[in-house]
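So this block is start.cif, mmCIF, C-alpha atoms:
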data_protein
loop_
_atom_site.label_atom_id
_atom_site.label_comp_id
_atom_site.auth_asym_id
_atom_site.auth_seq_id
_atom_site.Cartn_x
_atom_site.Cartn_y
_atom_site.Cartn_z
CA MET A 36 -90.61 51.68 -0.74
CA ASN A 37 -90.86 54.21 2.09
CA GLN A 38 -88.25 54.43 4.86
CA ASP A 39 -90.06 52.05 7.21
CA GLU A 40 -90.33 49.44 4.46
CA ILE A 41 -86.64 49.78 3.56
CA TYR A 42 -85.57 49.12 7.14
CA MET A 43 -88.06 46.26 7.51
CA GLN A 44 -86.70 44.69 4.34
CA ARG A 45 -83.29 44.74 5.99
CA CYS A 46 -84.82 42.99 9.04
CA ILE A 47 -86.07 40.23 6.74
CA GLU A 48 -82.64 39.87 5.11
CA LEU A 49 -81.01 39.56 8.53
CA ALA A 50 -83.61 37.08 9.78
CA ARG A 51 -82.95 34.71 6.85
CA MET A 52 -79.39 34.27 8.10
CA GLY A 53 -80.76 32.12 10.92
CA LYS A 54 -82.40 29.62 8.54
CA GLY A 55 -81.97 26.04 9.69
CA MET A 56 -80.57 27.10 13.07
CA VAL A 57 -83.38 28.58 15.19
CA ALA A 58 -86.33 26.15 14.99
CA PRO A 59 -88.66 25.70 16.77
CA ASN A 60 -88.24 29.46 17.28
CA PRO A 61 -89.13 31.86 14.44
CA LEU A 62 -86.67 33.69 12.20
CA VAL A 63 -86.37 37.30 13.38
CA GLY A 64 -84.25 40.29 12.36
CA ALA A 65 -83.95 43.68 14.06
CA VAL A 66 -82.58 47.06 12.95
CA ILE A 67 -82.04 50.16 15.09
CA VAL A 68 -82.23 53.54 13.33
CA CYS A 69 -81.35 57.01 14.65
CA ASP A 70 -81.61 60.15 12.49
CA ASP A 71 -82.17 58.02 9.36
CA LYS A 72 -78.98 56.05 9.98
CA ILE A 73 -78.66 52.39 10.99
CA ILE A 74 -76.74 52.30 14.28
CA GLY A 75 -77.31 48.65 15.13
CA GLU A 76 -78.70 45.39 13.80
CA GLY A 77 -78.99 41.75 14.75
CA PHE A 78 -80.83 38.49 14.16
CA HIS A 79 -81.74 35.35 16.07
CA LYS A 80 -78.76 33.12 15.34
CA ARG A 81 -79.48 29.84 17.10
CA PHE A 82 -82.20 28.26 19.22
CA GLY A 83 -81.67 29.00 22.91
CA GLU A 84 -79.39 31.96 22.22
CA PRO A 85 -80.28 35.72 22.42
CA HIS A 86 -83.10 37.00 20.26
CA ALA A 87 -82.73 39.49 17.40
CA GLU A 88 -83.60 42.53 19.55
CA VAL A 89 -80.95 41.62 22.13
CA ASN A 90 -78.26 41.18 19.48
CA ALA A 91 -79.20 44.47 17.78
CA ILE A 92 -79.07 46.38 21.08
CA ALA A 93 -75.70 44.81 21.96
CA SER A 94 -74.27 45.99 18.63
CA VAL A 95 -74.85 49.69 19.43
CA ALA A 96 -71.83 51.52 20.86
CA ASP A 97 -73.66 54.58 22.20
CA GLN A 98 -76.80 53.36 23.93
CA THR A 99 -77.82 56.86 25.01
CA LEU A 100 -79.18 57.20 21.46
CA PHE A 101 -82.04 54.77 22.10
CA SER A 102 -84.37 57.53 23.36
CA GLN A 103 -84.13 59.11 19.88
CA SER A 104 -84.22 55.82 17.96
CA THR A 105 -86.66 53.50 16.22
CA ILE A 106 -86.18 49.77 16.45
CA TYR A 107 -87.55 47.70 13.56
CA VAL A 108 -88.41 44.05 14.24
CA SER A 109 -89.77 41.57 11.68
CA LEU A 110 -91.93 39.81 14.31
CA GLU A 111 -93.73 41.04 17.42
CA PRO A 112 -91.30 41.05 20.41
CA CYS A 113 -92.00 38.28 22.91
CA ALA A 114 -93.62 39.15 26.22
CA HIS A 115 -93.00 35.87 28.10
CA HIS A 116 -90.08 34.11 29.73
CA GLY A 117 -88.76 31.24 27.63
CA LYS A 118 -85.13 30.33 27.03
CA THR A 119 -84.47 34.09 27.26
CA PRO A 120 -86.20 37.03 29.05
CA PRO A 121 -89.04 38.95 27.32
CA CYS A 122 -87.78 41.23 24.53
CA ALA A 123 -90.73 43.64 24.91
CA ASP A 124 -89.61 44.40 28.48
CA LEU A 125 -86.08 45.04 27.22
CA LEU A 126 -87.26 47.59 24.63
CA VAL A 127 -89.14 49.47 27.35
CA GLN A 128 -86.12 49.38 29.67
CA LYS A 129 -83.84 50.73 26.96
CA GLY A 130 -86.21 53.66 26.38
CA PHE A 131 -86.82 53.38 22.64
CA LYS A 132 -88.86 56.16 21.11
CA ARG A 133 -90.62 54.02 18.49
CA VAL A 134 -91.08 50.36 17.61
CA VAL A 135 -92.02 49.21 14.09
CA ILE A 136 -93.17 45.58 13.84
CA GLY A 137 -93.50 43.54 10.65
CA CYS A 138 -96.24 41.19 11.80
CA LYS A 139 -98.04 39.99 14.90
CA ASP A 140 -96.87 36.76 16.57
CA THR A 141 -99.85 34.37 16.67
CA HIS A 142 -98.16 32.03 19.19
CA VAL A 143 -100.55 31.67 22.14
CA LYS A 144 -97.87 32.93 24.57
CA VAL A 145 -97.42 36.16 22.59
CA GLY A 146 -100.52 36.91 20.46
CA GLY A 147 -100.47 40.70 20.84
CA LYS A 148 -99.19 40.78 24.42
CA GLY A 149 -95.83 42.22 23.33
CA ILE A 150 -97.53 45.00 21.35
CA GLU A 151 -99.85 45.76 24.28
CA LEU A 152 -96.94 45.93 26.73
CA LEU A 153 -95.06 48.38 24.50
CA LYS A 154 -98.08 50.63 23.99
CA ASN A 155 -98.95 50.63 27.70
CA ALA A 156 -95.40 51.76 28.45
CA GLY A 157 -95.90 54.79 26.20
CA LEU A 158 -93.83 53.74 23.20
CA GLU A 159 -95.01 54.64 19.73
CA VAL A 160 -95.82 51.33 18.03
CA GLU A 161 -96.61 50.59 14.38
CA VAL A 162 -97.58 47.10 13.23
CA GLY A 163 -97.91 45.60 9.75
CA VAL A 164 -95.00 47.00 7.75
CA LEU A 165 -94.27 44.46 4.97
CA GLU A 166 -96.62 42.15 6.85
CA LYS A 167 -97.09 39.67 3.98
CA GLN A 168 -93.33 39.26 3.51
CA CYS A 169 -92.76 38.90 7.25
CA ARG A 170 -95.39 36.17 7.50
CA GLU A 171 -93.90 34.40 4.47
CA LEU A 172 -90.51 34.49 6.20
CA ASN A 173 -91.99 32.45 9.07
CA LYS A 174 -94.47 30.30 7.17
CA ARG A 175 -93.22 27.22 9.05
CA PHE A 176 -93.69 28.86 12.44
CA PHE A 177 -97.15 30.22 11.62
CA THR A 178 -98.35 26.92 10.08
CA PHE A 179 -97.20 25.05 13.18
CA HIS A 180 -99.04 27.34 15.62
CA GLU A 181 -102.12 28.08 13.53
CA LYS A 182 -102.75 24.62 12.02
CA GLN A 183 -101.19 22.49 14.79
CA ARG A 184 -98.96 20.61 12.36
CA PRO A 185 -95.56 21.04 10.70
CA TYR A 186 -95.13 22.88 7.41
CA VAL A 187 -94.91 20.13 4.75
CA ILE A 188 -92.64 20.45 1.72
CA LEU A 189 -92.77 17.73 -0.94
CA LYS A 190 -89.77 17.22 -3.18
CA TRP A 191 -89.01 14.79 -5.96
CA ALA A 192 -87.02 14.47 -9.17
CA GLN A 193 -88.62 12.97 -12.24
CA SER A 194 -87.56 12.09 -15.76
CA LYS A 195 -88.84 14.24 -18.58
CA ASP A 196 -91.35 11.47 -19.41
CA GLY A 197 -92.77 11.47 -15.88
CA PHE A 198 -91.03 8.69 -13.95
CA ILE A 199 -89.58 9.07 -10.45
CA ASP A 200 -87.54 5.87 -10.84
CA GLY A 201 -86.56 3.63 -13.73
CA PRO A 202 -87.19 -0.10 -14.05
CA ARG A 203 -85.31 -2.16 -11.47
CA LEU A 204 -84.42 -5.51 -13.00
CA ASN A 205 -83.60 -8.44 -10.70
CA ASN A 206 -84.37 -6.30 -7.61
CA GLU A 207 -81.55 -3.91 -8.54
CA LYS A 208 -80.43 -1.55 -5.72
CA GLY A 209 -78.81 1.88 -5.68
CA ILE A 210 -79.76 5.46 -6.55
CA LEU A 211 -80.73 6.11 -10.14
CA TRP A 212 -79.81 9.78 -10.47
CA ILE A 213 -82.17 12.00 -12.43
CA SER A 214 -80.94 15.51 -11.58
CA SER A 215 -77.53 17.08 -12.18
CA PRO A 216 -74.79 17.28 -9.50
CA GLU A 217 -75.44 21.04 -9.19
CA THR A 218 -79.13 20.46 -8.51
CA ARG A 219 -78.30 17.78 -5.95
CA SER A 220 -76.22 20.38 -4.08
CA LEU A 221 -79.25 22.68 -4.11
CA VAL A 222 -81.33 19.87 -2.58
CA HIS A 223 -78.75 19.57 0.21
CA LYS A 224 -79.23 23.28 0.90
CA TRP A 225 -83.00 22.70 1.05
CA ARG A 226 -82.45 19.85 3.51
CA SER A 227 -80.32 22.07 5.77
CA GLU A 228 -83.21 24.54 6.08
CA GLU A 229 -85.72 22.01 7.48
CA GLN A 230 -85.97 20.24 10.83
CA THR A 231 -86.82 16.81 9.44
CA ILE A 232 -86.60 14.77 6.25
CA LEU A 233 -89.06 11.93 5.56
CA VAL A 234 -89.02 8.91 3.23
CA GLY A 235 -90.82 5.60 3.00
CA ARG A 236 -89.40 2.10 3.46
CA LYS A 237 -89.00 1.35 -0.26
CA THR A 238 -86.78 4.42 -0.74
CA VAL A 239 -84.47 3.16 2.02
CA GLU A 240 -84.40 -0.36 0.59
CA ASN A 241 -83.87 0.69 -3.03
CA ASP A 242 -81.55 3.69 -2.64
CA ASN A 243 -79.96 3.25 0.81
CA PRO A 244 -79.78 7.06 1.22
CA SER A 245 -77.95 8.84 4.04
CA LEU A 246 -80.51 11.70 4.12
CA THR A 247 -77.85 14.07 5.44
CA VAL A 248 -76.42 17.45 4.39
CA ARG A 249 -73.10 16.99 2.62
CA ASP A 250 -72.64 19.35 -0.33
CA VAL A 251 -73.24 22.54 1.67
CA TYR A 252 -72.66 23.75 5.23
CA GLY A 253 -75.64 23.16 7.51
CA ASN A 254 -77.27 20.95 10.11
CA ASN A 255 -78.47 17.46 9.28
CA PRO A 256 -82.25 17.19 9.60
CA ILE A 257 -83.84 14.51 11.77
CA ARG A 258 -84.47 11.48 9.55
CA ILE A 259 -88.01 10.10 9.56
CA ILE A 260 -88.76 6.70 8.06
CA ILE A 261 -92.16 5.11 7.48
CA ASP A 262 -91.76 1.37 8.04
CA SER A 263 -95.09 0.02 9.29
CA GLN A 264 -93.99 -3.63 9.56
CA LEU A 265 -90.33 -3.00 10.48
CA LYS A 266 -88.91 -4.68 7.39
CA ILE A 267 -85.79 -2.49 7.06
CA SER A 268 -82.56 -4.31 7.97
CA GLY A 269 -80.08 -2.80 10.41
CA ASP A 270 -77.19 -2.34 7.95
CA VAL A 271 -78.51 0.68 6.04
CA ASN A 272 -77.22 4.27 6.15
CA ILE A 273 -80.19 5.74 8.02
CA PHE A 274 -79.03 3.87 11.15
CA SER A 275 -75.75 5.82 11.28
CA ASP A 276 -75.02 8.30 14.09
CA GLU A 277 -74.77 11.23 11.64
CA ALA A 278 -78.29 12.36 12.55
CA PRO A 279 -81.16 11.22 14.77
CA THR A 280 -83.61 8.84 13.12
CA ILE A 281 -87.29 8.25 13.90
CA ILE A 282 -89.04 5.16 12.55
CA PHE A 283 -92.83 5.19 12.53
CA ASN A 284 -94.28 1.70 12.80
CA ARG A 285 -97.24 -0.27 14.17
CA SER A 286 -95.58 -2.48 16.79
CA ARG A 287 -92.56 -1.02 18.59
CA ASN A 288 -91.66 1.80 20.98
CA GLU A 289 -87.93 1.88 21.71
CA VAL A 290 -84.88 4.12 21.74
CA LYS A 291 -81.47 2.73 20.86
CA GLY A 292 -78.61 5.19 20.37
CA SER A 293 -79.64 7.81 17.79
CA VAL A 294 -82.62 5.75 16.56
CA GLU A 295 -86.13 5.92 17.99
CA TRP A 296 -89.00 3.61 17.02
CA ILE A 297 -92.42 5.19 17.52
CA LYS A 298 -95.56 3.05 17.49
CA ILE A 299 -98.68 4.67 16.02
CA PRO A 300 -102.17 3.14 15.62
CA GLU A 301 -102.07 3.53 11.86
CA VAL A 302 -99.14 4.58 9.70
CA ASN A 303 -100.76 7.52 7.95
CA THR A 304 -100.17 11.25 7.53
CA ARG A 305 -102.53 12.20 10.35
CA TYR A 306 -100.72 10.24 13.07
CA ILE A 307 -97.28 11.10 11.72
CA LEU A 308 -97.95 14.85 11.70
CA GLU A 309 -99.58 14.67 15.14
CA LYS A 310 -96.49 13.02 16.60
CA LEU A 311 -94.17 15.54 14.94
CA TYR A 312 -96.30 18.41 16.25
CA GLU A 313 -96.02 16.98 19.78
CA ARG A 314 -92.24 17.08 19.37
CA ASN A 315 -92.12 20.75 18.34
CA ILE A 316 -91.19 19.92 14.74
CA LEU A 317 -91.98 22.96 12.57
CA SER A 318 -91.21 21.48 9.16
CA VAL A 319 -90.92 18.18 7.32
CA PHE A 320 -89.20 17.71 3.96
CA VAL A 321 -90.79 14.72 2.21
CA GLU A 322 -88.38 13.22 -0.33
CA GLY A 323 -90.08 10.01 -1.36
CA GLY A 324 -90.95 7.61 -2.66
CA SER A 325 -93.83 8.07 -5.03
CA ARG A 326 -96.40 6.32 -2.83
CA THR A 327 -95.39 8.27 0.28
CA LEU A 328 -95.52 11.59 -1.56
CA GLN A 329 -98.90 10.72 -3.04
CA TYR A 330 -100.30 10.02 0.45
CA PHE A 331 -99.55 13.61 1.49
CA ILE A 332 -101.08 14.94 -1.75
CA PHE A 333 -104.20 12.78 -1.45
CA ASP A 334 -104.71 13.73 2.24
CA ASN A 335 -104.26 17.41 1.32
CA VAL A 336 -101.65 17.94 4.04
CA TRP A 337 -98.89 19.58 2.09
CA ASP A 338 -97.98 23.26 1.74
CA GLU A 339 -95.32 23.38 -0.94
CA ALA A 340 -93.90 21.07 -3.61
CA ARG A 341 -90.59 21.33 -5.45
CA VAL A 342 -90.40 19.16 -8.55
CA ILE A 343 -87.15 18.70 -10.42
CA VAL A 344 -87.40 17.52 -14.03
CA GLY A 345 -84.22 16.08 -15.47
CA GLU A 346 -83.13 15.51 -19.06
CA ALA A 347 -83.32 11.71 -19.05
CA ALA A 348 -86.28 9.69 -20.33
CA PHE A 349 -86.91 6.24 -18.79
CA GLY A 350 -89.74 4.92 -20.92
CA GLU A 351 -90.97 2.83 -17.99
CA GLY A 352 -90.57 2.55 -14.23
CA THR A 353 -92.29 4.12 -11.23
CA LYS A 354 -94.62 6.95 -12.17
CA ALA A 355 -94.00 10.29 -10.46
CA PRO A 356 -96.67 11.70 -8.13
CA SER A 357 -99.29 13.98 -9.62
CA ILE A 358 -100.32 17.45 -8.41
CA ASN A 359 -103.40 18.87 -10.09
CA LYS A 360 -102.13 22.44 -9.99
CA VAL A 361 -100.32 24.95 -12.16
CA PRO A 362 -96.81 25.72 -10.84
CA ALA A 363 -96.50 29.09 -9.09
CA HIS A 364 -93.13 29.58 -10.75
CA SER A 365 -90.39 27.62 -12.49
CA TYR A 366 -86.79 28.09 -13.53
CA LYS A 367 -83.88 26.32 -15.17
CA PHE A 368 -81.12 25.19 -12.83
CA SER A 369 -78.04 23.59 -14.37
CA SER A 370 -79.46 21.11 -16.91
CA ASP A 371 -82.72 20.65 -14.97
CA HIS A 372 -86.02 22.49 -14.67
CA ILE A 373 -87.47 23.16 -11.21
CA TYR A 374 -91.18 23.74 -10.63
CA HIS A 375 -92.59 25.17 -7.38
CA TYR A 376 -96.18 24.48 -6.36
CA TYR A 377 -98.17 25.84 -3.41
CA ARG A 378 -101.31 24.20 -2.09
CA LYS A 379 -102.95 27.60 -1.49
#

As structure tokens, please, write out the structure in this file.
Amino acid sequence: MNQDEIYMQRCIELARMGKGMVAPNPLVGAVIVCDDKIIGEGFHKRFGEPHAEVNAIASVADQTLFSQSTIYVSLEPCAHHGKTPPCADLLVQKGFKRVVIGCKDTHVKVGGKGIELLKNAGLEVEVGVLEKQCRELNKRFFTFHEKQRPYVILKWAQSKDGFIDGPRLNNEKGILWISSPETRSLVHKWRSEEQTILVGRKTVENDNPSLTVRDVYGNNPIRIIIDSQLKISGDVNIFSDEAPTIIFNRSRNEVKGSVEWIKIPEVNTRYILEKLYERNILSVFVEGGSRTLQYFIFDNVWDEARVIVGEAAFGEGTKAPSINKVPAHSYKFSSDHIYHYYRK
């Protein structure tokens, strides 16, 4: 790696520290370098709070050095007023010598305007350093703005003989665990990184899940339930005040406490993703059940799938969803195997 790439890699590392906290904003890291030495760095910590460039600038003790410095930013600085003032204007005001940008921001309010502002002010600007990695960092943000829908992650655990759930005799209720406790903690980390978590009615009725983050530190995602005919009773865990809950259905629009019922013409992936897009939801973590997961696969509106294969064999039960793809990579975690798939 050359020097620019080394400092941009550090921007990416910093940006990741905001995971689960900044949506619907992008993850951004910034590093300030003078005479081949890092003199300041920062990242966007929380939605509505100062951006990465602001935090990096504030961390520098001697701000007279800016005229001799390069600031590295993983994403094009904003050029519009939002929750905070434009960062591109700030870089001009501080008199930076050079700005190195990981990738262009394709948001309609930015879209090259920040780069243009910097160049017109006479700053030396370079764009596209570790561009692929910087876009990967914000795959949720870019999917949202370029495809007008949230980034969709599918996740399920299945037995080694291909079942997502075992036989339920006499309408048996409760979670039938497939993965190890260590892997379940990893899933809680995954939940904390997404804005929403989605399941179908049968998962709520069979498992009565909380759909919250418990084993790790992080925010609870918004819970999304598909219940077209409103059959779920009011005494289940998803009605708790631990997190907001949205219930997609075909007959009711109402808000009561932390629960909102949203009526849609048809309970399908198209209308669900349209409604989430309208609400500035950048990502949805689909946890089940098998039928719900298969809807997203069949409609080809998923981006990533994480499949956990446990040690148990059920012999019969509910078949796991099927993805007609080779996993991009896999690894052993605790006693389980985890397979990652990408639609493209």

Exercise. Name the closest residue to A:Ile199 among the candidates A:Tyr366, A:Phe349, A:Tyr107, A:Tyr374; distances are taken between atoms, counting all atoms listed in the file.
Key: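 Of all the options, A:Phe349 lies closest to A:Ile199.
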
Exercise. Kindly give the distance, in Å, that separates atom CA of A:Ala96 and atom CA of A:Ala65, rounded to a single decimal.
Key: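 Atom CA of A:Ala65 lies at a distance of 16.0 Å from atom CA of A:Ala96.
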
Might you spell out which residues the PyMOL selection byres ((chain A and resi 351-360) around 6) would select in the displayed file, as a PDB file with C-alpha atoms, keeping the file's coordinate frame?
ATOM      1  CA  GLY A 197     -92.770  11.470 -15.880  1.00  0.00           C
ATOM      2  CA  PHE A 198     -91.030   8.690 -13.950  1.00  0.00           C
ATOM      3  CA  ILE A 199     -89.580   9.070 -10.450  1.00  0.00           C
ATOM      4  CA  ASP A 200     -87.540   5.870 -10.840  1.00  0.00           C
ATOM      5  CA  GLY A 201     -86.560   3.630 -13.730  1.00  0.00           C
ATOM      6  CA  PRO A 202     -87.190  -0.100 -14.050  1.00  0.00           C
ATOM      7  CA  SER A 325     -93.830   8.070  -5.030  1.00  0.00           C
ATOM      8  CA  GLN A 329     -98.900  10.720  -3.040  1.00  0.00           C
ATOM      9  CA  PHE A 349     -86.910   6.240 -18.790  1.00  0.00           C
ATOM     10  CA  GLY A 350     -89.740   4.920 -20.920  1.00  0.00           C
ATOM     11  CA  VAL A 361    -100.320  24.950 -12.160  1.00  0.00           C
TER      12      VAL A 361
END

Quiz item: If I put a ball of radius 12 Å at (-92.7, 16.2, 11.7) in the file's coordinates, which residues poke into it when counting only C-alpha atoms, written as JSON, numbers by chain?
Solution: {"A": [59, 175, 179, 183, 184, 185, 186, 187, 188, 229, 230, 231, 232, 233, 234, 256, 257, 258, 259, 260, 261, 280, 281, 282, 283, 304, 305, 306, 307, 308, 309, 310, 311, 312, 313, 314, 315, 316, 317, 318, 319, 320, 321, 336, 337]}

Quiz prompt | Computed interatomic separation between atom CA of A:Gln38 and atom CA of A:Gly77 (Å) | solution =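 About the pair atom CA of A:Gln38 and atom CA of A:Gly77: they are 18.6 Å apart.
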
Quiz item: Residues at most 8 Å from A:Val342, counting all atoms listed in the file, excluding those fewer than 4 positions away in the same chain, as a PyMOL selection string?
Solution: chain A and resi 190-193+373-375

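Nearest-residue note for A:Ser109: choosing from A:Pro216, A:Gly157, A:Pro279, A:Gly137, the minimum distance belongs to A:Gly137, counting only C-alpha atoms.
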
If you apply the PyMOL selection byres ((chain A and resi 145-151) around 7) to this file, what residues do you get, as a PDB file with C-alpha atoms, keeping the file's coordinate frame?
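That gives us out.pdb:
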ATOM      1  CA  GLU A 111     -93.730  41.040  17.420  1.00  0.00           C
ATOM      2  CA  PRO A 112     -91.300  41.050  20.410  1.00  0.00           C
ATOM      3  CA  CYS A 113     -92.000  38.280  22.910  1.00  0.00           C
ATOM      4  CA  ALA A 114     -93.620  39.150  26.220  1.00  0.00           C
ATOM      5  CA  ALA A 123     -90.730  43.640  24.910  1.00  0.00           C
ATOM      6  CA  LYS A 139     -98.040  39.990  14.900  1.00  0.00           C
ATOM      7  CA  ASP A 140     -96.870  36.760  16.570  1.00  0.00           C
ATOM      8  CA  THR A 141     -99.850  34.370  16.670  1.00  0.00           C
ATOM      9  CA  HIS A 142     -98.160  32.030  19.190  1.00  0.00           C
ATOM     10  CA  VAL A 143    -100.550  31.670  22.140  1.00  0.00           C
ATOM     11  CA  LYS A 144     -97.870  32.930  24.570  1.00  0.00           C
ATOM     12  CA  LEU A 152     -96.940  45.930  26.730  1.00  0.00           C
ATOM     13  CA  LEU A 153     -95.060  48.380  24.500  1.00  0.00           C
ATOM     14  CA  LYS A 154     -98.080  50.630  23.990  1.00  0.00           C
ATOM     15  CA  ASN A 155     -98.950  50.630  27.700  1.00  0.00           C
TER      16      ASN A 155
END

Exercise. Could you tell me how far atom CA of A:Pro121 lies from atom CA of A:Phe78, in Å and to one decimal?
Key: 15.5 Å

Near A:Ile67, counting all atoms listed in the file, which residues have an atom at most 8 Å away, once you skip same-chain residues fewer than 5 positions from it, shown as a short mmCIF file (atom, residue, chain, number, x, y, z; two decimals) with C-alpha atoms, keeping the file's coordinate frame?
data_model
loop_
_atom_site.label_atom_id
_atom_site.label_comp_id
_atom_site.auth_asym_id
_atom_site.auth_seq_id
_atom_site.Cartn_x
_atom_site.Cartn_y
_atom_site.Cartn_z
CA ILE A 73 -78.66 52.39 10.99
CA ILE A 74 -76.74 52.30 14.28
CA GLY A 75 -77.31 48.65 15.13
CA GLU A 76 -78.70 45.39 13.80
CA ALA A 91 -79.20 44.47 17.78
CA ILE A 92 -79.07 46.38 21.08
CA SER A 104 -84.22 55.82 17.96
CA THR A 105 -86.66 53.50 16.22
CA ILE A 106 -86.18 49.77 16.45
CA TYR A 107 -87.55 47.70 13.56
#

Evaluate the PyMOL selection byres ((chain A and resi 376) around 6) and report residues as an mmCIF file with C-alpha atoms, in the coordinates of the input:
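Now in selection12.cif:
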data_model
loop_
_atom_site.group_PDB
_atom_site.id
_atom_site.type_symbol
_atom_site.label_atom_id
_atom_site.label_comp_id
_atom_site.auth_asym_id
_atom_site.auth_seq_id
_atom_site.Cartn_x
_atom_site.Cartn_y
_atom_site.Cartn_z
ATOM 1 C CA GLU A 339 -95.320 23.380 -0.940
ATOM 2 C CA ALA A 340 -93.900 21.070 -3.610
ATOM 3 C CA PRO A 362 -96.810 25.720 -10.840
ATOM 4 C CA ALA A 363 -96.500 29.090 -9.090
ATOM 5 C CA HIS A 375 -92.590 25.170 -7.380
ATOM 6 C CA TYR A 377 -98.170 25.840 -3.410
#

Quiz item: Which residue, A:Val108, A:Asp196, A:Leu158, A:Asn335, has the smallest gap to A:Lys132 when you use all atoms listed in the file?
Solution: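 Nearest to A:Lys132: A:Leu158.
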
Practice problem: Name the residues, using the chain letters and numbers of the file, that sit within 6 Å of (-78.8, 27.7, 15.7) when counting all atoms listed in the file, and give them as a ChimeraX atom specification. | Solution: /A:56-57,80-82

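Shortest atom-to-atom contact with A:Gly345 among A:Leu211, A:Val290, A:Leu265, A:Cys122: A:Leu211, counting all atoms listed in the file.
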